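What's in work27.cif: mmCIF, C-alpha atoms
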data_model
#
loop_
_atom_site.label_atom_id
_atom_site.label_comp_id
_atom_site.auth_asym_id
_atom_site.auth_seq_id
_atom_site.Cartn_x
_atom_site.Cartn_y
_atom_site.Cartn_z
CA MET A 223 -18.12 6.68 -19.25
CA LYS A 224 -16.92 5.00 -16.05
CA ALA A 225 -13.70 6.37 -14.60
CA CYS A 226 -12.21 2.89 -14.23
CA ASN A 227 -12.40 2.42 -18.03
CA VAL A 228 -10.10 5.38 -18.72
CA LEU A 229 -7.13 4.44 -20.86
CA LEU A 230 -4.01 5.31 -18.91
CA SER A 231 -0.67 6.46 -20.26
CA ALA A 232 2.32 4.17 -19.73
CA PRO A 233 3.65 5.63 -16.44
CA LEU A 234 0.19 5.66 -14.85
CA GLN A 235 -0.57 2.17 -16.10
CA ARG A 236 2.72 0.99 -14.60
CA LEU A 237 1.71 2.37 -11.18
CA LYS A 238 -1.67 0.68 -11.54
CA ASP A 239 0.02 -2.60 -12.50
CA GLU A 240 2.17 -2.34 -9.38
CA HIS A 241 -1.09 -2.27 -7.41
CA MET A 242 -2.00 -5.67 -8.88
CA HIS A 243 1.29 -7.13 -7.71
CA LEU A 244 0.97 -5.50 -4.28
CA ARG A 245 -2.66 -6.68 -3.99
CA ALA A 246 -1.60 -10.27 -4.66
CA ALA A 247 0.99 -10.03 -1.86
CA MET A 248 -1.61 -8.40 0.40
CA ASP A 249 -4.13 -11.15 -0.31
CA HIS A 250 -1.48 -13.71 0.57
CA PHE A 251 -0.62 -12.12 3.91
CA TYR A 252 -4.31 -11.49 4.66
CA GLU A 253 -5.02 -15.21 4.27
CA ILE A 254 -2.36 -15.86 6.92
CA THR A 255 -3.97 -13.29 9.25
CA GLU A 256 -7.26 -15.15 8.95
CA GLU A 257 -5.56 -18.45 9.76
CA ILE A 258 -3.96 -16.84 12.82
CA GLU A 259 -7.34 -15.51 13.92
CA TYR A 260 -9.00 -18.94 13.75
CA GLU A 261 -6.11 -21.16 14.85
CA SER A 262 -5.02 -21.92 18.37
CA GLY A 263 -1.97 -23.45 19.99
CA PRO A 264 1.61 -23.56 18.72
CA GLY A 265 0.45 -23.35 15.09
CA VAL A 266 -0.37 -19.68 15.66
CA VAL A 267 3.25 -18.81 16.43
CA GLN A 268 4.43 -20.69 13.32
CA LEU A 269 1.88 -18.86 11.18
CA PHE A 270 2.96 -15.58 12.74
CA ALA A 271 6.57 -16.23 11.73
CA LYS A 272 5.35 -16.78 8.16
CA LEU A 273 3.26 -13.59 8.35
CA HIS A 274 6.23 -11.61 9.67
CA GLU A 275 8.33 -12.76 6.72
CA GLN A 276 5.55 -11.75 4.28
CA ILE A 277 4.99 -8.35 5.89
CA SER A 278 8.72 -7.58 5.96
CA ALA A 279 9.06 -8.24 2.23
CA PHE A 280 5.79 -6.46 1.40
CA ASN A 281 6.82 -3.39 3.40
CA VAL A 282 9.95 -2.96 1.27
CA GLU A 283 7.93 -3.22 -1.96
CA LEU A 284 5.24 -0.85 -0.73
CA LYS A 285 7.77 1.79 0.32
CA ALA A 286 9.38 1.72 -3.13
CA HIS A 287 5.96 2.05 -4.79
CA SER A 288 4.89 4.87 -2.47
CA LYS A 289 8.13 6.73 -3.14
CA ARG A 290 7.52 6.57 -6.91
CA GLU A 291 3.99 7.88 -6.42
CA GLU A 292 4.95 10.63 -3.97
CA GLU A 293 8.06 11.91 -5.76
CA GLY A 294 6.58 11.55 -9.23
CA LEU A 295 2.81 11.50 -9.58
CA PHE A 296 1.84 13.34 -6.39
CA HIS A 297 4.44 16.05 -6.91
CA LEU A 298 3.38 16.70 -10.50
CA MET A 299 -0.32 16.65 -9.61
CA THR A 300 0.20 19.14 -6.77
CA LEU A 301 1.81 21.53 -9.26
CA ARG A 302 -1.27 21.25 -11.51
CA LEU A 303 -3.97 21.20 -8.82
CA GLY A 304 -2.46 23.94 -6.68
CA GLU A 305 -1.68 24.08 -2.99
CA ASN A 306 -5.31 24.60 -1.92
CA ASP A 307 -6.50 21.31 -3.39
CA LYS A 308 -6.43 18.57 -0.74
CA THR A 309 -6.56 15.56 -3.09
CA ILE A 310 -2.86 14.75 -2.85
CA GLN A 311 -2.70 15.54 0.86
CA VAL A 312 -5.38 12.89 1.48
CA MET A 313 -3.46 10.35 -0.60
CA GLU A 314 -0.23 11.07 1.28
CA GLU A 315 -2.04 10.71 4.61
CA GLU A 316 -3.34 7.31 3.52
CA HIS A 317 0.21 6.27 2.58
CA GLU A 318 1.37 7.32 6.04
CA LYS A 319 -1.50 5.50 7.75
CA ALA A 320 -0.82 2.22 5.92
CA GLU A 321 2.92 2.48 6.46
CA GLN A 322 2.33 3.19 10.17
CA HIS A 323 0.20 0.04 10.53
CA LEU A 324 2.97 -2.01 8.91
CA GLN A 325 5.63 -0.35 11.05
CA ASP A 326 3.57 -1.00 14.20
CA PHE A 327 3.32 -4.66 13.21
CA LEU A 328 7.10 -4.93 12.67
CA THR A 329 7.93 -2.99 15.85
CA GLU A 330 5.63 -5.04 18.06
CA ALA A 331 6.84 -8.28 16.49
CA ALA A 332 10.45 -7.29 17.19
CA ARG A 333 9.52 -6.31 20.75
CA ALA A 334 7.88 -9.71 21.35
CA GLY A 335 10.85 -11.49 19.78
CA VAL A 336 11.28 -15.25 19.72
CA ALA A 337 9.40 -15.61 23.01
CA ILE A 338 6.16 -14.54 21.31
CA ASP A 339 3.08 -16.41 22.48
CA GLU A 340 -0.23 -17.15 20.82
CA TYR A 341 -2.01 -14.16 22.40
CA ASP A 342 0.68 -11.65 21.37
CA ALA A 343 0.79 -13.10 17.85
CA GLN A 344 -2.96 -12.66 17.46
CA THR A 345 -2.87 -9.16 18.95
CA ILE A 346 0.01 -7.95 16.75
CA THR A 347 -1.62 -9.45 13.65
CA VAL A 348 -4.36 -6.81 13.93
CA TYR A 349 -1.89 -4.23 12.56
CA ALA A 350 -1.49 -6.29 9.37
CA VAL A 351 -5.28 -6.48 9.01
CA GLN A 352 -5.50 -2.69 9.44
CA ALA A 353 -2.81 -2.16 6.78
CA TYR A 354 -4.70 -4.47 4.42
CA ALA A 355 -7.97 -2.56 4.89
CA THR A 356 -6.32 0.84 4.48
CA LEU A 357 -4.42 -0.17 1.34
CA THR A 358 -7.40 -1.90 -0.26
CA GLN A 359 -9.44 1.30 -0.01
CA HIS A 360 -6.49 3.48 -0.99
CA PHE A 361 -5.65 1.53 -4.14
CA ALA A 362 -9.30 1.62 -5.21
CA LYS A 363 -9.38 5.41 -4.74
CA GLU A 364 -6.22 5.90 -6.77
CA GLU A 365 -7.44 3.67 -9.59
CA LYS A 366 -11.00 5.01 -9.78
CA ALA A 367 -10.32 8.71 -9.18
CA LEU A 368 -6.67 9.78 -8.93
CA PHE A 369 -5.19 8.06 -12.00
CA PRO A 370 -8.02 9.21 -14.32
CA LEU A 371 -7.67 12.75 -12.89
CA ALA A 372 -3.92 12.64 -13.53
CA GLU A 373 -4.57 11.50 -17.08
CA ARG A 374 -6.75 14.60 -17.62
CA ILE A 375 -4.61 17.26 -15.93
CA LEU A 376 -0.98 16.24 -16.56
CA SER A 377 0.68 17.55 -19.69
CA VAL A 378 2.73 15.54 -22.17
CA ASN A 379 5.86 16.96 -20.52
CA ASP A 380 4.55 15.95 -17.08
CA MET A 381 4.02 12.40 -18.35
CA ALA A 382 7.55 12.33 -19.76
CA GLU A 383 8.85 13.47 -16.37
CA LEU A 384 6.75 10.82 -14.61
CA GLU A 385 8.10 8.23 -17.04
CA LYS A 386 11.67 9.14 -16.01
CA ILE A 387 10.85 8.98 -12.30
CA SER A 388 8.71 5.84 -12.31
CA GLY A 389 10.32 4.05 -15.23
#
Translate the structure of the given file into structure tokens.
Amino acid sequence: MKACNVLLSAPLQRLKDEHMHLRAAMDHFYEITEEIEYESGPGVVQLFAKLHEQISAFNVELKAHSKREEEGLFHLMTLRLGENDKTIQVMEEEHEKAEQHLQDFLTEAARAGVAIDEYDAQTITVYAVQAYATLTQHFAKEEKALFPLAERILSVNDMAELEKISG
């Protein structure tokens, strides 16, 4: 049986469904990054403004999702897996890496301000591309390995607790 075909309980399925919503937003901002990469002239700055708006909104959604995973799922799984297991540590590091890429994008965009030029817009956009790549791999890992593992190791009481936290 393939891991991705595992039937997930409601709280885990909800986290997975959030990935679909986040992926759609990521795909949208990634399309803008590609336009920025291939455009030139004043259109780049206009596209960058659109990208900045998308990334700002996405960052808020991602932080809320990450918080639900970290305070709920990751916490409960650490209790079951034990401190020596590095599974959750790796997931948390990936959260930090993605969030850092997004924060770098927002910080550099703020630093450039309204006087941003085409070159700076294209350079800063690289952070959004890095966040996209990191999150694409991370979501796949959670869906193919972490969620099925959680389904196997978390108790009924753990799932009820997760339901309260993520519901």
> Could you spell out the hits of the PyMOL selection byres ((chain A and resi 372-377) around 9) on the shown file, as a PyMOL selection string?
Replying inline: chain A and resi 228-231+234+295+298-299+302-303+367-371+378-382
Can you write out the residues you just picked, keeping C-alpha atoms, as an mmCIF file, in the frame of the given file?
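Final file, again.cif:
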data_model
loop_
_atom_site.group_PDB
_atom_site.id
_atom_site.type_symbol
_atom_site.label_atom_id
_atom_site.label_comp_id
_atom_site.auth_asym_id
_atom_site.auth_seq_id
_atom_site.Cartn_x
_atom_site.Cartn_y
_atom_site.Cartn_z
ATOM 1 C CA VAL A 228 -10.100 5.380 -18.720
ATOM 2 C CA LEU A 229 -7.130 4.440 -20.860
ATOM 3 C CA LEU A 230 -4.010 5.310 -18.910
ATOM 4 C CA SER A 231 -0.670 6.460 -20.260
ATOM 5 C CA LEU A 234 0.190 5.660 -14.850
ATOM 6 C CA LEU A 295 2.810 11.500 -9.580
ATOM 7 C CA LEU A 298 3.380 16.700 -10.500
ATOM 8 C CA MET A 299 -0.320 16.650 -9.610
ATOM 9 C CA ARG A 302 -1.270 21.250 -11.510
ATOM 10 C CA LEU A 303 -3.970 21.200 -8.820
ATOM 11 C CA ALA A 367 -10.320 8.710 -9.180
ATOM 12 C CA LEU A 368 -6.670 9.780 -8.930
ATOM 13 C CA PHE A 369 -5.190 8.060 -12.000
ATOM 14 C CA PRO A 370 -8.020 9.210 -14.320
ATOM 15 C CA LEU A 371 -7.670 12.750 -12.890
ATOM 16 C CA VAL A 378 2.730 15.540 -22.170
ATOM 17 C CA ASN A 379 5.860 16.960 -20.520
ATOM 18 C CA ASP A 380 4.550 15.950 -17.080
ATOM 19 C CA MET A 381 4.020 12.400 -18.350
ATOM 20 C CA ALA A 382 7.550 12.330 -19.760
#
>> Please report the interatomic distance between CA of Phe270 in chain A and CA of His317 in chain A in Å with one decimal.
In response: 24.3 Å
> Leaving out range 275-281 of chain A and any residue of its chain fewer than 5 positions from it, which residues lie within 12 Å of it when counting all atoms listed in the file, given as number ranges by chain?
Replying inline: A: 241, 243-255, 268-270, 286-288, 317, 320-329, 331-332, 346-347, 349-351, 353-354, 357
Just-selected residues, C-alpha atoms written as a tab-separated table (two decimals), in the coordinates of the input:
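Result file is result.tsv:
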chain	number	residue	atom	x	y	z
A	241	HIS	CA	-1.09	-2.27	-7.41
A	243	HIS	CA	1.29	-7.13	-7.71
A	244	LEU	CA	0.97	-5.50	-4.28
A	245	ARG	CA	-2.66	-6.68	-3.99
A	246	ALA	CA	-1.60	-10.27	-4.66
A	247	ALA	CA	0.99	-10.03	-1.86
A	248	MET	CA	-1.61	-8.40	0.40
A	249	ASP	CA	-4.13	-11.15	-0.31
A	250	HIS	CA	-1.48	-13.71	0.57
A	251	PHE	CA	-0.62	-12.12	3.91
A	252	TYR	CA	-4.31	-11.49	4.66
A	253	GLU	CA	-5.02	-15.21	4.27
A	254	ILE	CA	-2.36	-15.86	6.92
A	255	THR	CA	-3.97	-13.29	9.25
A	268	GLN	CA	4.43	-20.69	13.32
A	269	LEU	CA	1.88	-18.86	11.18
A	270	PHE	CA	2.96	-15.58	12.74
A	286	ALA	CA	9.38	1.72	-3.13
A	287	HIS	CA	5.96	2.05	-4.79
A	288	SER	CA	4.89	4.87	-2.47
A	317	HIS	CA	0.21	6.27	2.58
A	320	ALA	CA	-0.82	2.22	5.92
A	321	GLU	CA	2.92	2.48	6.46
A	322	GLN	CA	2.33	3.19	10.17
A	323	HIS	CA	0.20	0.04	10.53
A	324	LEU	CA	2.97	-2.01	8.91
A	325	GLN	CA	5.63	-0.35	11.05
A	326	ASP	CA	3.57	-1.00	14.20
A	327	PHE	CA	3.32	-4.66	13.21
A	328	LEU	CA	7.10	-4.93	12.67
A	329	THR	CA	7.93	-2.99	15.85
A	331	ALA	CA	6.84	-8.28	16.49
A	332	ALA	CA	10.45	-7.29	17.19
A	346	ILE	CA	0.01	-7.95	16.75
A	347	THR	CA	-1.62	-9.45	13.65
A	349	TYR	CA	-1.89	-4.23	12.56
A	350	ALA	CA	-1.49	-6.29	9.37
A	351	VAL	CA	-5.28	-6.48	9.01
A	353	ALA	CA	-2.81	-2.16	6.78
A	354	TYR	CA	-4.70	-4.47	4.42
A	357	LEU	CA	-4.42	-0.17	1.34
> Which one is closest to Val267 in chain A: A:Ala337, A:Leu284, A:Met313, A:Ala232? Count only C-alpha atoms.
Replying inline: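 Comparing A:Ala337, A:Leu284, A:Met313, A:Ala232 against Val267 in chain A, the winner is A:Ala337.
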> Looking at A:Leu273, A:Glu283, A:Glu365, A:Lys238, which one is nearest to Glu256 in chain A, with distances taken over only C-alpha atoms?
Replying inline: A:Leu273
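The two atoms in question, CA of His297 in chain A and CA of Gln311 in chain A, are spaced 10.6 Å apart.
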>> I'd like to see the residues matched by the PyMOL selection byres ((chain A and resi 266) around 10) on this file, and ideally I'd get them as a VMD selection string.
In response: chain A and resid 254 to 255 257 to 265 267 to 272 339 to 344
Keeping only C-alpha atoms, write the selected residues to a file as a JSON list (two decimals), keeping the file's coordinate frame.
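Written output follows (out_36.json):
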[["chain", "number", "residue", "atom", "x", "y", "z"],
["A", 254, "ILE", "CA", -2.36, -15.86, 6.92],
["A", 255, "THR", "CA", -3.97, -13.29, 9.25],
["A", 257, "GLU", "CA", -5.56, -18.45, 9.76],
["A", 258, "ILE", "CA", -3.96, -16.84, 12.82],
["A", 259, "GLU", "CA", -7.34, -15.51, 13.92],
["A", 260, "TYR", "CA", -9.00, -18.94, 13.75],
["A", 261, "GLU", "CA", -6.11, -21.16, 14.85],
["A", 262, "SER", "CA", -5.02, -21.92, 18.37],
["A", 263, "GLY", "CA", -1.97, -23.45, 19.99],
["A", 264, "PRO", "CA", 1.61, -23.56, 18.72],
["A", 265, "GLY", "CA", 0.45, -23.35, 15.09],
["A", 267, "VAL", "CA", 3.25, -18.81, 16.43],
["A", 268, "GLN", "CA", 4.43, -20.69, 13.32],
["A", 269, "LEU", "CA", 1.88, -18.86, 11.18],
["A", 270, "PHE", "CA", 2.96, -15.58, 12.74],
["A", 271, "ALA", "CA", 6.57, -16.23, 11.73],
["A", 272, "LYS", "CA", 5.35, -16.78, 8.16],
["A", 339, "ASP", "CA", 3.08, -16.41, 22.48],
["A", 340, "GLU", "CA", -0.23, -17.15, 20.82],
["A", 341, "TYR", "CA", -2.01, -14.16, 22.40],
["A", 342, "ASP", "CA", 0.68, -11.65, 21.37],
["A", 343, "ALA", "CA", 0.79, -13.10, 17.85],
["A", 344, "GLN", "CA", -2.96, -12.66, 17.46]]
> Do you have the CA of Leu384 in chain A-CA of Arg236 in chain A distance handy?
Replying inline: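 Between these atoms lies a distance of 10.6 Å.
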>> Counting only C-alpha atoms, which residue out of A:Leu237, A:Asn306, A:Phe361, A:Gln352 sits closest to Gly294 in chain A?
In response: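 Of A:Leu237, A:Asn306, A:Phe361, A:Gln352, the one nearest Gly294 in chain A, counting only C-alpha atoms, is A:Leu237.
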